[in-house]
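Have a look at structure-v9.csv below; it lists CSV, C-alpha atoms and all ligand atoms.
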```
chain,number,residue,atom,x,y,z
A,47,MET,CA,-10.2,-6.7,-44.1
A,48,LYS,CA,-12.9,-4.3,-45.2
A,49,LYS,CA,-14.9,-2.5,-42.6
A,50,GLN,CA,-18.7,-2.8,-42.1
A,51,GLU,CA,-19.6,0.5,-43.6
A,52,ILE,CA,-21.1,0.4,-47.1
A,53,VAL,CA,-20.4,3.1,-49.6
A,54,LEU,CA,-23.1,3.9,-52.1
A,55,THR,CA,-23.0,6.6,-54.9
A,56,GLY,CA,-23.9,7.1,-58.4
A,57,ASP,CA,-24.3,9.4,-61.4
A,58,ARG,CA,-27.0,10.1,-63.9
A,59,PRO,CA,-26.1,9.0,-67.5
A,60,THR,CA,-27.1,12.4,-69.0
A,61,GLY,CA,-23.7,13.0,-70.4
A,62,PRO,CA,-20.1,12.0,-69.8
A,63,LEU,CA,-18.5,13.0,-66.5
A,64,HIS,CA,-16.6,16.2,-65.9
A,65,ILE,CA,-13.9,17.6,-63.7
A,66,GLY,CA,-16.6,18.7,-61.2
A,67,HIS,CA,-17.4,15.0,-60.7
A,68,TYR,CA,-13.7,14.2,-60.5
A,69,VAL,CA,-13.1,16.4,-57.4
A,70,GLY,CA,-16.7,16.1,-56.2
A,71,SER,CA,-16.9,12.4,-55.8
A,72,LEU,CA,-14.8,10.3,-58.2
A,73,LEU,CA,-11.5,10.8,-56.2
A,74,ASN,CA,-13.2,9.8,-53.0
A,75,ARG,CA,-14.6,6.7,-54.6
A,76,VAL,CA,-11.1,5.6,-55.8
A,77,SER,CA,-9.8,5.8,-52.3
A,78,LEU,CA,-12.8,4.4,-50.5
A,79,GLN,CA,-12.9,1.2,-52.6
A,80,ASP,CA,-9.7,0.0,-50.8
A,81,ILE,CA,-11.3,0.5,-47.3
A,82,TYR,CA,-15.0,-0.4,-47.6
A,83,LYS,CA,-17.5,-2.3,-49.6
A,84,GLN,CA,-18.5,0.0,-52.4
A,85,TYR,CA,-21.5,0.2,-54.8
A,86,VAL,CA,-21.5,2.7,-57.7
A,87,MET,CA,-24.7,3.1,-59.6
A,88,ILE,CA,-25.4,4.3,-63.1
A,89,ALA,CA,-28.7,6.0,-62.5
A,90,ASP,CA,-30.5,5.5,-65.8
A,91,VAL,CA,-34.0,5.6,-64.2
A,92,GLN,CA,-33.2,8.9,-62.5
A,93,ALA,CA,-31.8,10.3,-65.8
A,94,LEU,CA,-35.1,9.7,-67.4
A,95,THR,CA,-36.9,11.9,-64.8
A,96,ASP,CA,-35.9,14.9,-66.9
A,97,ASN,CA,-35.1,13.2,-70.2
A,98,SER,CA,-38.2,11.1,-70.6
A,99,ALA,CA,-38.4,11.9,-74.3
A,100,ASN,CA,-34.8,11.1,-74.9
A,101,PRO,CA,-34.1,7.5,-74.0
A,102,ALA,CA,-31.3,7.2,-76.7
A,103,LYS,CA,-29.3,9.9,-74.9
A,104,VAL,CA,-29.6,8.0,-71.6
A,105,ARG,CA,-28.7,4.7,-73.2
A,106,GLU,CA,-25.6,6.1,-74.9
A,107,ASN,CA,-24.3,7.8,-71.8
A,108,VAL,CA,-24.5,4.6,-69.7
A,109,MET,CA,-21.4,3.5,-71.5
A,110,GLU,CA,-19.8,7.0,-71.4
A,111,VAL,CA,-20.1,7.1,-67.6
A,112,ALA,CA,-18.8,3.5,-67.2
A,113,LEU,CA,-15.8,4.4,-69.3
A,114,ASP,CA,-15.2,7.5,-67.1
A,115,TYR,CA,-15.3,5.3,-64.0
A,116,LEU,CA,-12.7,2.8,-65.1
A,117,ALA,CA,-10.6,5.5,-66.6
A,118,VAL,CA,-10.2,7.4,-63.3
A,119,GLY,CA,-9.4,4.2,-61.5
A,120,ILE,CA,-12.6,2.8,-60.1
A,121,ASP,CA,-11.8,-0.9,-60.2
A,122,PRO,CA,-14.6,-3.4,-60.9
A,123,ALA,CA,-12.7,-6.0,-58.9
A,124,LYS,CA,-13.1,-3.8,-55.8
A,125,THR,CA,-16.3,-1.8,-56.5
A,126,THR,CA,-19.6,-3.2,-57.7
A,127,ILE,CA,-20.7,-1.0,-60.6
A,128,PHE,CA,-24.3,-1.6,-61.7
A,129,ILE,CA,-27.2,-0.3,-63.7
A,130,GLN,CA,-30.1,1.2,-61.7
A,131,SER,CA,-33.0,0.1,-64.0
A,132,MET,CA,-31.9,-3.6,-63.6
A,133,ILE,CA,-32.5,-3.6,-59.9
A,134,PRO,CA,-36.3,-3.8,-59.6
A,135,GLU,CA,-36.2,-3.7,-55.8
A,136,ILE,CA,-35.3,0.0,-56.1
A,137,ALA,CA,-38.6,0.8,-57.8
A,138,GLU,CA,-40.4,-1.4,-55.4
A,139,ILE,CA,-39.1,0.1,-52.3
A,140,THR,CA,-39.7,3.6,-53.7
A,141,MET,CA,-43.5,2.9,-53.7
A,142,PHE,CA,-43.4,2.0,-50.0
A,143,TYR,CA,-41.4,5.2,-49.2
A,144,LEU,CA,-43.8,7.4,-51.0
A,145,ASN,CA,-46.3,6.9,-48.3
A,146,LEU,CA,-43.8,8.2,-45.7
A,147,VAL,CA,-43.1,11.5,-47.4
A,148,THR,CA,-45.4,14.5,-48.0
A,149,VAL,CA,-45.7,16.4,-51.3
A,150,ASN,CA,-45.0,19.6,-49.4
A,151,ARG,CA,-41.8,18.3,-48.0
A,152,LEU,CA,-40.6,17.4,-51.5
A,153,LEU,CA,-41.5,20.8,-52.8
A,154,ARG,CA,-39.4,22.4,-50.0
A,155,ASN,CA,-36.3,20.3,-50.7
A,156,PRO,CA,-33.7,22.9,-51.6
A,157,THR,CA,-31.9,20.7,-54.2
A,158,VAL,CA,-35.3,19.9,-55.9
A,159,LYS,CA,-36.2,23.6,-55.8
A,160,THR,CA,-33.0,24.8,-57.4
A,161,GLU,CA,-33.1,22.1,-60.1
A,162,ILE,CA,-36.8,22.8,-61.0
A,163,GLN,CA,-35.8,26.4,-61.6
A,164,GLN,CA,-32.6,25.4,-63.6
A,165,LYS,CA,-34.5,23.0,-65.8
A,166,GLY,CA,-37.2,25.5,-66.5
A,167,PHE,CA,-40.1,23.1,-65.7
A,168,GLY,CA,-42.3,26.0,-64.6
A,169,GLU,CA,-45.7,24.7,-63.6
A,170,SER,CA,-45.1,21.4,-65.3
A,171,VAL,CA,-42.9,19.5,-62.9
A,172,PRO,CA,-43.0,15.8,-63.8
A,173,ALA,CA,-44.1,13.8,-60.7
A,174,GLY,CA,-41.2,11.5,-61.3
A,175,PHE,CA,-38.8,14.4,-61.0
A,176,LEU,CA,-40.4,15.8,-57.9
A,177,MET,CA,-40.0,12.5,-56.1
A,178,TYR,CA,-36.4,11.8,-57.1
A,179,PRO,CA,-35.1,12.3,-53.5
A,180,VAL,CA,-37.4,9.4,-52.6
A,181,SER,CA,-35.9,7.2,-55.3
A,182,GLN,CA,-32.5,8.3,-54.1
A,183,ALA,CA,-33.4,7.1,-50.6
A,184,ALA,CA,-34.4,3.8,-52.2
A,185,ASP,CA,-31.0,3.6,-53.9
A,186,ILE,CA,-29.1,4.2,-50.7
A,187,THR,CA,-31.2,2.0,-48.4
A,188,ILE,CA,-31.6,-1.0,-50.6
A,189,PHE,CA,-27.8,-1.5,-50.2
A,190,LYS,CA,-27.8,-0.3,-46.6
A,191,GLY,CA,-25.4,2.5,-47.6
A,192,THR,CA,-23.9,4.4,-44.7
A,193,ILE,CA,-21.2,6.5,-46.5
A,194,ILE,CA,-22.4,8.6,-49.4
A,195,PRO,CA,-19.6,10.5,-51.2
A,196,VAL,CA,-21.4,13.4,-52.9
A,197,GLY,CA,-21.0,17.1,-53.8
A,198,GLU,CA,-22.5,19.7,-51.5
A,199,ASP,CA,-25.6,20.1,-53.7
A,200,GLN,CA,-26.8,16.7,-52.6
A,201,LEU,CA,-26.8,17.4,-48.8
A,202,PRO,CA,-30.6,18.1,-48.6
A,203,VAL,CA,-31.2,14.8,-50.4
A,204,ILE,CA,-29.2,12.8,-47.8
A,205,GLU,CA,-31.1,14.6,-45.1
A,206,GLN,CA,-34.4,13.6,-46.7
A,207,THR,CA,-33.1,10.0,-46.9
A,208,ASN,CA,-32.5,9.9,-43.2
A,209,GLU,CA,-35.9,11.3,-42.5
A,210,ILE,CA,-37.4,8.4,-44.5
A,211,ILE,CA,-35.1,5.9,-42.8
A,212,ARG,CA,-36.2,7.1,-39.3
A,213,SER,CA,-39.8,7.2,-40.3
A,214,PHE,CA,-39.6,3.6,-41.8
A,215,ASN,CA,-37.8,2.2,-38.7
A,216,ARG,CA,-40.3,4.0,-36.4
A,217,THR,CA,-43.5,3.2,-38.3
A,218,TYR,CA,-42.7,-0.5,-38.8
A,219,GLN,CA,-40.9,-1.0,-35.4
A,220,THR,CA,-37.7,-2.2,-37.0
A,221,ASP,CA,-34.0,-1.5,-37.3
A,222,VAL,CA,-33.6,-2.7,-40.9
A,223,PHE,CA,-31.9,0.6,-42.0
A,224,PRO,CA,-28.8,2.3,-40.6
A,225,GLU,CA,-28.6,6.1,-41.1
A,226,ALA,CA,-26.5,7.5,-44.0
A,227,LYS,CA,-23.7,10.0,-43.8
A,228,ALA,CA,-22.7,12.3,-46.7
A,229,LEU,CA,-19.0,12.5,-47.3
A,230,ILE,CA,-18.3,15.9,-48.8
A,231,PRO,CA,-14.9,16.6,-50.4
A,232,LYS,CA,-12.7,19.7,-50.0
A,233,VAL,CA,-13.9,21.1,-53.4
A,234,SER,CA,-17.6,20.5,-52.8
A,235,ARG,CA,-19.1,22.5,-55.6
A,236,LEU,CA,-16.9,23.3,-58.6
A,237,VAL,CA,-18.3,26.2,-60.6
A,238,GLY,CA,-18.8,25.9,-64.4
A,239,LEU,CA,-16.8,27.6,-67.1
A,240,ASP,CA,-19.3,30.5,-67.1
A,241,GLY,CA,-18.5,31.2,-63.5
A,242,GLN,CA,-22.2,31.0,-62.6
A,243,ALA,CA,-23.8,27.8,-61.4
A,244,LYS,CA,-22.0,24.6,-60.5
A,245,MET,CA,-20.4,22.7,-63.4
A,246,SER,CA,-23.0,20.5,-64.8
A,247,LYS,CA,-23.6,18.1,-67.7
A,248,SER,CA,-26.8,19.8,-68.6
A,249,LEU,CA,-25.7,23.5,-68.3
A,250,ASN,CA,-23.1,23.4,-71.1
A,251,ASN,CA,-20.4,24.7,-68.9
A,252,ALA,CA,-18.2,21.7,-68.3
A,253,ILE,CA,-14.8,20.3,-69.0
A,254,PHE,CA,-15.3,16.6,-69.6
A,255,LEU,CA,-12.8,13.9,-68.6
A,256,GLY,CA,-12.6,12.6,-72.1
A,257,ASP,CA,-12.2,16.0,-73.9
A,258,ASP,CA,-9.3,15.9,-76.4
A,259,GLU,CA,-6.5,18.5,-76.1
A,260,ASP,CA,-8.0,20.9,-78.7
A,261,THR,CA,-11.4,20.9,-77.0
A,262,LEU,CA,-9.8,21.4,-73.6
A,263,LYS,CA,-7.8,24.4,-75.0
A,264,LYS,CA,-10.9,25.9,-76.5
A,265,ARG,CA,-12.9,25.6,-73.4
A,266,ILE,CA,-10.2,27.1,-71.2
A,267,MET,CA,-9.7,30.0,-73.6
A,268,SER,CA,-13.5,30.7,-73.5
A,269,MET,CA,-13.4,30.9,-69.7
A,270,TYR,CA,-14.7,33.8,-67.6
A,271,THR,CA,-11.9,35.7,-65.8
A,272,ASP,CA,-12.2,39.3,-64.5
A,273,PRO,CA,-14.2,41.5,-66.9
A,274,GLY,CA,-12.4,44.6,-65.5
A,275,HIS,CA,-9.0,43.1,-66.6
A,276,LEU,CA,-8.7,44.7,-70.0
A,277,HIS,CA,-5.0,45.3,-70.5
A,278,VAL,CA,-2.2,43.0,-69.4
A,279,SER,CA,-0.8,45.8,-67.2
A,280,ASP,CA,-4.2,46.3,-65.3
A,281,PRO,CA,-4.5,44.8,-61.8
A,282,GLY,CA,-6.8,41.9,-61.9
A,283,LYS,CA,-9.3,40.3,-59.5
A,284,VAL,CA,-8.6,36.8,-58.2
A,285,GLU,CA,-11.9,36.3,-56.3
A,286,GLY,CA,-14.6,34.8,-58.5
A,287,ASN,CA,-12.0,34.4,-61.3
A,288,VAL,CA,-12.7,30.9,-62.6
A,289,VAL,CA,-9.1,30.3,-63.8
A,290,PHE,CA,-7.9,30.7,-60.2
A,291,VAL,CA,-10.8,28.6,-58.8
A,292,TYR,CA,-9.6,25.7,-61.0
A,293,LEU,CA,-6.0,26.3,-60.2
A,294,ASP,CA,-6.9,26.1,-56.5
A,295,ALA,CA,-8.8,22.9,-57.1
A,296,PHE,CA,-6.3,21.1,-59.4
A,297,ASP,CA,-2.8,22.5,-59.2
A,298,THR,CA,-0.7,20.7,-56.5
A,299,ASP,CA,2.0,23.4,-56.8
A,300,THR,CA,0.4,25.8,-54.3
A,301,ALA,CA,3.4,28.1,-54.1
A,302,LYS,CA,3.2,28.7,-57.9
A,303,VAL,CA,-0.5,29.5,-57.6
A,304,ALA,CA,0.1,32.0,-54.8
A,305,GLU,CA,2.8,33.6,-57.0
A,306,LEU,CA,0.5,33.8,-60.0
A,307,LYS,CA,-2.3,35.3,-57.8
A,308,ALA,CA,0.1,38.0,-56.5
A,309,HIS,CA,1.3,38.8,-60.0
A,310,TYR,CA,-2.3,39.0,-61.4
A,311,GLN,CA,-3.4,41.3,-58.6
A,312,LYS,CA,-0.4,43.6,-59.1
A,313,GLY,CA,-0.9,43.8,-62.9
A,314,GLY,CA,1.3,42.6,-65.7
A,315,LEU,CA,0.0,39.0,-66.0
A,316,GLY,CA,-2.2,38.5,-69.0
A,317,ASP,CA,-5.3,36.2,-69.2
A,318,VAL,CA,-3.8,34.3,-72.2
A,319,VAL,CA,-0.6,33.4,-70.3
A,320,LEU,CA,-2.5,32.5,-67.2
A,321,LYS,CA,-4.9,30.3,-69.2
A,322,LYS,CA,-2.0,28.6,-71.0
A,323,TYR,CA,-0.7,27.6,-67.6
A,324,LEU,CA,-4.1,26.2,-66.5
A,325,PHE,CA,-4.2,24.2,-69.7
A,326,GLU,CA,-0.8,22.6,-68.9
A,327,VAL,CA,-2.0,21.7,-65.4
A,328,LEU,CA,-5.4,20.2,-66.5
A,329,ASN,CA,-3.9,18.5,-69.5
A,330,ALA,CA,-1.3,16.8,-67.4
A,331,MET,CA,-4.1,15.5,-65.1
A,332,LEU,CA,-6.4,14.5,-67.9
A,333,THR,CA,-3.9,12.9,-70.4
A,334,PRO,CA,-3.6,9.5,-68.6
A,335,ILE,CA,-7.4,9.4,-68.0
A,336,ARG,CA,-8.0,10.2,-71.7
A,337,ILE,CA,-5.6,7.5,-72.9
A,338,ARG,CA,-7.1,4.9,-70.6
A,339,ARG,CA,-10.6,5.9,-71.7
A,340,MET,CA,-9.7,5.5,-75.4
A,341,GLN,CA,-8.2,2.0,-74.7
A,342,LEU,CA,-11.3,0.9,-72.8
A,343,ALA,CA,-13.6,2.2,-75.5
A,344,GLN,CA,-12.1,-0.3,-77.9
A,345,ASP,CA,-14.0,-3.1,-76.3
A,346,ARG,CA,-17.5,-2.0,-75.4
A,347,GLY,CA,-18.7,-5.6,-75.3
A,348,GLU,CA,-16.3,-6.3,-72.5
A,349,MET,CA,-17.4,-3.1,-70.7
A,350,MET,CA,-21.1,-4.2,-70.9
A,351,ARG,CA,-20.2,-7.6,-69.6
A,352,MET,CA,-18.5,-5.9,-66.6
A,353,LEU,CA,-21.6,-3.8,-66.0
A,354,LEU,CA,-23.9,-6.9,-66.2
A,355,ALA,CA,-21.7,-8.9,-63.8
A,356,GLY,CA,-21.7,-6.0,-61.3
A,357,THR,CA,-25.5,-5.7,-61.6
A,358,GLU,CA,-26.0,-9.4,-60.9
A,359,LYS,CA,-23.8,-9.0,-57.7
A,360,ALA,CA,-25.8,-5.9,-56.7
A,361,ARG,CA,-29.1,-7.8,-57.0
A,362,GLU,CA,-28.0,-10.4,-54.5
A,363,ALA,CA,-27.7,-7.6,-51.9
A,364,SER,CA,-30.9,-5.8,-53.0
A,365,SER,CA,-33.1,-8.9,-52.9
A,366,GLN,CA,-31.8,-9.8,-49.4
A,367,THR,CA,-32.8,-6.3,-48.1
A,368,MET,CA,-36.2,-6.6,-49.9
A,369,GLN,CA,-37.0,-9.7,-47.9
A,370,GLU,CA,-36.3,-7.8,-44.7
A,371,VAL,CA,-38.4,-4.9,-45.9
A,372,LYS,CA,-41.3,-7.1,-46.8
A,373,LYS,CA,-41.2,-8.8,-43.4
A,374,ALA,CA,-41.3,-5.4,-41.7
A,375,LEU,CA,-44.3,-4.4,-43.9
A,376,MET,CA,-46.1,-7.7,-43.3
A,377,LEU,CA,-45.9,-8.4,-47.1
A,378,ASN,CA,-44.0,-11.6,-46.7
A,379,TYR,CA,-46.8,-13.9,-47.9
B,1,LIG,P1,-27.0,16.8,-64.5
B,1,LIG,O1,-26.7,18.1,-65.2
B,1,LIG,O2,-27.5,15.7,-65.4
B,1,LIG,O3,-27.8,17.0,-63.3
B,1,LIG,P2,-24.6,16.8,-62.9
B,1,LIG,O4,-23.3,17.2,-63.6
B,1,LIG,O5,-25.3,17.7,-62.0
B,1,LIG,O6,-25.6,16.4,-64.1
B,1,LIG,P3,-25.1,14.5,-61.4
B,1,LIG,O7,-25.1,13.2,-62.1
B,1,LIG,O8,-26.5,15.1,-61.1
B,1,LIG,O9,-24.3,15.5,-62.2
B,1,LIG,O10,-24.3,14.4,-60.0
B,1,LIG,C1,-23.6,13.3,-59.6
B,1,LIG,C2,-22.7,13.5,-58.4
B,1,LIG,O11,-21.6,14.4,-58.8
B,1,LIG,C3,-23.4,14.2,-57.3
B,1,LIG,O12,-22.9,13.6,-56.1
B,1,LIG,C4,-23.0,15.6,-57.4
B,1,LIG,O13,-23.0,16.3,-56.1
B,1,LIG,C5,-21.6,15.5,-57.9
B,1,LIG,N1,-21.3,16.7,-58.7
B,1,LIG,C6,-21.9,17.1,-59.9
B,1,LIG,N2,-21.4,18.3,-60.3
B,1,LIG,C7,-20.5,18.7,-59.4
B,1,LIG,C8,-19.7,19.9,-59.3
B,1,LIG,N3,-19.7,20.8,-60.2
B,1,LIG,N4,-18.9,20.0,-58.2
B,1,LIG,C9,-18.9,19.0,-57.2
B,1,LIG,N5,-19.6,17.9,-57.3
B,1,LIG,C10,-20.4,17.7,-58.3
B,2,MG,MG,-27.4,17.0,-61.2
```

As structure tokens:
Amino acid sequence: MKKQEIVLTGDRPTGPLHIGHYVGSLLNRVSLQDIYKQYVMIADVQALTDNSANPAKVRENVMEVALDYLAVGIDPAKTTIFIQSMIPEIAEITMFYLNLVTVNRLLRNPTVKTEIQQKGFGESVPAGFLMYPVSQAADITIFKGTIIPVGEDQLPVIEQTNEIIRSFNRTYQTDVFPEAKALIPKVSRLVGLDGQAKMSKSLNNAIFLGDDEDTLKKRIMSMYTDPGHLHVSDPGKVEGNVVFVYLDAFDTDTAKVAELKAHYQKGGLGDVVLKKYLFEVLNAMLTPIRIRRMQLAQDRGEMMRMLLAGTEKAREASSQTMQEVKKALMLNY
């Protein structure tokens, strides 16, 4: 018997998913689908907030993201996978919420602030981008989501969602919406190959779940290690060394990782040998995902039918909530 909690998450189809998504939320979703009712959204509308001139990119990546979901084990028989733009109630409820949030509050949202900088919007921040936390509150609440498995970068957005929920319930004297809780995994912000920001589709610093062996090898060989580690015999730094960050995140043989760290710090362990070991670890993890992904990609028609069926199911829930919302807003003519 599934419990009352409802799990809601999603990803923007701005590119295929990477190993940051894998530890950041995909693994959680695979286990949560056996315990709770779960919705997973492909956020095409949100992808357009910073890709408005590039609809083809968003459209193509809807399928890529769906392939990644099924390849890692998100099961459409257990999880409702749907396309955001096909749920008009999300856009509708966003309009109502916009009256409950100030522009200053949005400008102060730390996630929004960081992303405005990263994306180089300068003074020209699209209004649609600025208000994306409001549309995220809409995504969560229209399904009455209570458990939100996300990476750490999304915490301020969940906080803002709860402010909107409290404001809505208070203003309209209702208890339509339960509060939402973020579920943050152990590895809550995986760094990118460059060792700088978090791994991200749009920062060109990712290892994708569907990368073939050669691409995986090239990406690993290009990785940032310790710039002071010039000769094999030199002692090397483990802190901030991306190879070790990834080994900590993905290698289940912790004794081996501890041994490698000690060897690297002492000197005598070269970057190439170390990177070859990381390749073995990641390739073993990604091979079954890659194979499953290739099999699924053979029948894109079937994948699209699965998405449309999920979307239809999601709409039953969203139109039910919308009726309650309209009643609270006295718009139930
Ligand atoms: P974009 O570059 O398009 O913003 P992204 O890689 O940041 O893409 P999103 O689709 O914005 O991915 O994020 C989807 C979910 O994956 C969010 O819950 C986010 O916290 C999580 N996530 C993304 N990147 C990482 C990462 N490097 N480590 C942990 N979690 C991550
Ligand atoms: Mg992002």

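Considering all atoms listed in the file, every residue of the polymer chains approaching ligand LIG 1 (chain B) to 6 Å or closer is listed here: Asp57, Arg58, Thr60, Gly66, His67, Gly70, Ser71, Val196, Gly197, Glu198, Asp199, Gln200, Ser234, Arg235, Leu236, Val237, Lys244, Met245, Ser246, Lys247 and Ser248 of chain A.
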
Could you save the residues just selected, with C-alpha atoms, as a PDB file, in the coordinates of the input?
```pdb
ATOM      1  CA  ASP A  57     -24.300   9.400 -61.400  1.00  0.00           C
ATOM      2  CA  ARG A  58     -27.000  10.100 -63.900  1.00  0.00           C
ATOM      3  CA  THR A  60     -27.100  12.400 -69.000  1.00  0.00           C
ATOM      4  CA  GLY A  66     -16.600  18.700 -61.200  1.00  0.00           C
ATOM      5  CA  HIS A  67     -17.400  15.000 -60.700  1.00  0.00           C
ATOM      6  CA  GLY A  70     -16.700  16.100 -56.200  1.00  0.00           C
ATOM      7  CA  SER A  71     -16.900  12.400 -55.800  1.00  0.00           C
ATOM      8  CA  VAL A 196     -21.400  13.400 -52.900  1.00  0.00           C
ATOM      9  CA  GLY A 197     -21.000  17.100 -53.800  1.00  0.00           C
ATOM     10  CA  GLU A 198     -22.500  19.700 -51.500  1.00  0.00           C
ATOM     11  CA  ASP A 199     -25.600  20.100 -53.700  1.00  0.00           C
ATOM     12  CA  GLN A 200     -26.800  16.700 -52.600  1.00  0.00           C
ATOM     13  CA  SER A 234     -17.600  20.500 -52.800  1.00  0.00           C
ATOM     14  CA  ARG A 235     -19.100  22.500 -55.600  1.00  0.00           C
ATOM     15  CA  LEU A 236     -16.900  23.300 -58.600  1.00  0.00           C
ATOM     16  CA  VAL A 237     -18.300  26.200 -60.600  1.00  0.00           C
ATOM     17  CA  LYS A 244     -22.000  24.600 -60.500  1.00  0.00           C
ATOM     18  CA  MET A 245     -20.400  22.700 -63.400  1.00  0.00           C
ATOM     19  CA  SER A 246     -23.000  20.500 -64.800  1.00  0.00           C
ATOM     20  CA  LYS A 247     -23.600  18.100 -67.700  1.00  0.00           C
ATOM     21  CA  SER A 248     -26.800  19.800 -68.600  1.00  0.00           C
TER      22      SER A 248
END
```

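Here the residues that fall within 9 Å of (-26.0, 1.4, -44.8), using all atoms listed in the file, are given as Gln50, Glu51, Ile52, Val53, Leu54, Ile186, Thr187, Ile188, Phe189, Lys190, Gly191, Thr192, Ile193, Phe223, Pro224, Glu225, Ala226 and Lys227 of chain A.
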
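Taking only C-alpha atoms, the non-local environment of region 138-152 of chain A within 6 Å (same-chain residues fewer than 3 positions away omitted) comprises Glu135, Asn155, Ser181 and Ala184 of chain A.
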
Residues within 10 Å of Arg75 (chain A), please, as a list in words. Count only C-alpha atoms; anything in the same chain fewer than 5 positions from it doesn't count. Val53, Leu54, Thr55, Tyr68, Gly70, Asp80, Tyr82, Gln84, Tyr85, Val86, Tyr115, Val118, Gly119, Ile120, Asp121, Thr125, Ile194, Pro195 and Val196 of chain A

Please list as a PDB file with C-alpha atoms, keeping the file's coordinate frame every residue within 8 Å of Pro156 (chain A), counting all atoms listed in the file and excluding residues in the same chain fewer than 3 positions away.
```pdb
ATOM      1  CA  LYS A 159     -36.200  23.600 -55.800  1.00  0.00           C
ATOM      2  CA  THR A 160     -33.000  24.800 -57.400  1.00  0.00           C
ATOM      3  CA  PRO A 202     -30.600  18.100 -48.600  1.00  0.00           C
TER       4      PRO A 202
END
```

Selected residue of minimal separation from ligand MG 2 (chain B) among A:Thr157, A:Asn97, A:Asn74, A:Thr126, counting only C-alpha atoms and all ligand atoms: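 Closest to ligand MG 2 (chain B), using only C-alpha atoms and all ligand atoms: A:Thr157.
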
For CA of Pro122 (chain A) and CA of Lys83 (chain A), determine how far apart the two atoms are, in Å to one decimal place. 11.7 Å

Atomic separation - CA of Ala252 (chain A) relative to CA of Glu205 (chain A), Å: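 Rounded to one decimal, the two atoms are 27.5 Å apart.
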
For each of A:Phe254, A:Phe296, A:Phe290, A:Phe214, take the minimum atom-to-atom distance to Met269 (chain A), counting all atoms listed in the file, then give the residue where this is smallest. A:Phe290

Near-Met331 (chain A) list (10 Å; all atoms listed in the file; drop same-chain fewer than 6 positions) as a ChimeraX atom specification: /A:255,296-297,325

May I ask which of the residues A:Lys232, A:Lys373, A:Arg346, A:Arg361 is the closest one to Pro134 (chain A), counting only C-alpha atoms?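 Going through A:Lys232, A:Lys373, A:Arg346, A:Arg361 one by one, the smallest distance to Pro134 (chain A) is for A:Arg361.
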
So what do you get for CA of Gln206 (chain A) versus CA of Gln182 (chain A), distance-wise?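 CA of Gln182 (chain A) lies 9.3 Å from CA of Gln206 (chain A).
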
Residues within 12 Å of Asp272 (chain A), only C-alpha atoms, excluding chain neighbours under 3 positions, as a list of chain:residue names: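 What passes the distance filter is A:Asp240, A:Gly241, A:Met269, A:His275, A:Leu276, A:His277, A:Val278, A:Asp280, A:Pro281, A:Gly282, A:Lys283, A:Val284, A:Glu285, A:Gly286, A:Asn287, A:Val288, A:Val289, A:Phe290, A:Tyr310, A:Gln311, A:Gly316, A:Asp317.
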
Keeping only C-alpha atoms, write the selected residues to a file as a PDB file, keeping the file's coordinate frame.
```pdb
ATOM      1  CA  ASP A 240     -19.300  30.500 -67.100  1.00  0.00           C
ATOM      2  CA  GLY A 241     -18.500  31.200 -63.500  1.00  0.00           C
ATOM      3  CA  MET A 269     -13.400  30.900 -69.700  1.00  0.00           C
ATOM      4  CA  HIS A 275      -9.000  43.100 -66.600  1.00  0.00           C
ATOM      5  CA  LEU A 276      -8.700  44.700 -70.000  1.00  0.00           C
ATOM      6  CA  HIS A 277      -5.000  45.300 -70.500  1.00  0.00           C
ATOM      7  CA  VAL A 278      -2.200  43.000 -69.400  1.00  0.00           C
ATOM      8  CA  ASP A 280      -4.200  46.300 -65.300  1.00  0.00           C
ATOM      9  CA  PRO A 281      -4.500  44.800 -61.800  1.00  0.00           C
ATOM     10  CA  GLY A 282      -6.800  41.900 -61.900  1.00  0.00           C
ATOM     11  CA  LYS A 283      -9.300  40.300 -59.500  1.00  0.00           C
ATOM     12  CA  VAL A 284      -8.600  36.800 -58.200  1.00  0.00           C
ATOM     13  CA  GLU A 285     -11.900  36.300 -56.300  1.00  0.00           C
ATOM     14  CA  GLY A 286     -14.600  34.800 -58.500  1.00  0.00           C
ATOM     15  CA  ASN A 287     -12.000  34.400 -61.300  1.00  0.00           C
ATOM     16  CA  VAL A 288     -12.700  30.900 -62.600  1.00  0.00           C
ATOM     17  CA  VAL A 289      -9.100  30.300 -63.800  1.00  0.00           C
ATOM     18  CA  PHE A 290      -7.900  30.700 -60.200  1.00  0.00           C
ATOM     19  CA  TYR A 310      -2.300  39.000 -61.400  1.00  0.00           C
ATOM     20  CA  GLN A 311      -3.400  41.300 -58.600  1.00  0.00           C
ATOM     21  CA  GLY A 316      -2.200  38.500 -69.000  1.00  0.00           C
ATOM     22  CA  ASP A 317      -5.300  36.200 -69.200  1.00  0.00           C
TER      23      ASP A 317
END
```

Option closest in space to Gly174 (chain A), from A:Leu306, A:Met340, A:Leu328, A:Leu94 [counting all atoms listed in the file]: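 For Gly174 (chain A), the nearest of the given residues is A:Leu94.
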
Which is closest to Pro334 (chain A) among A:Glu362, A:Asp258, A:Glu169, A:Glu348, if we use all atoms listed in the file? A:Asp258
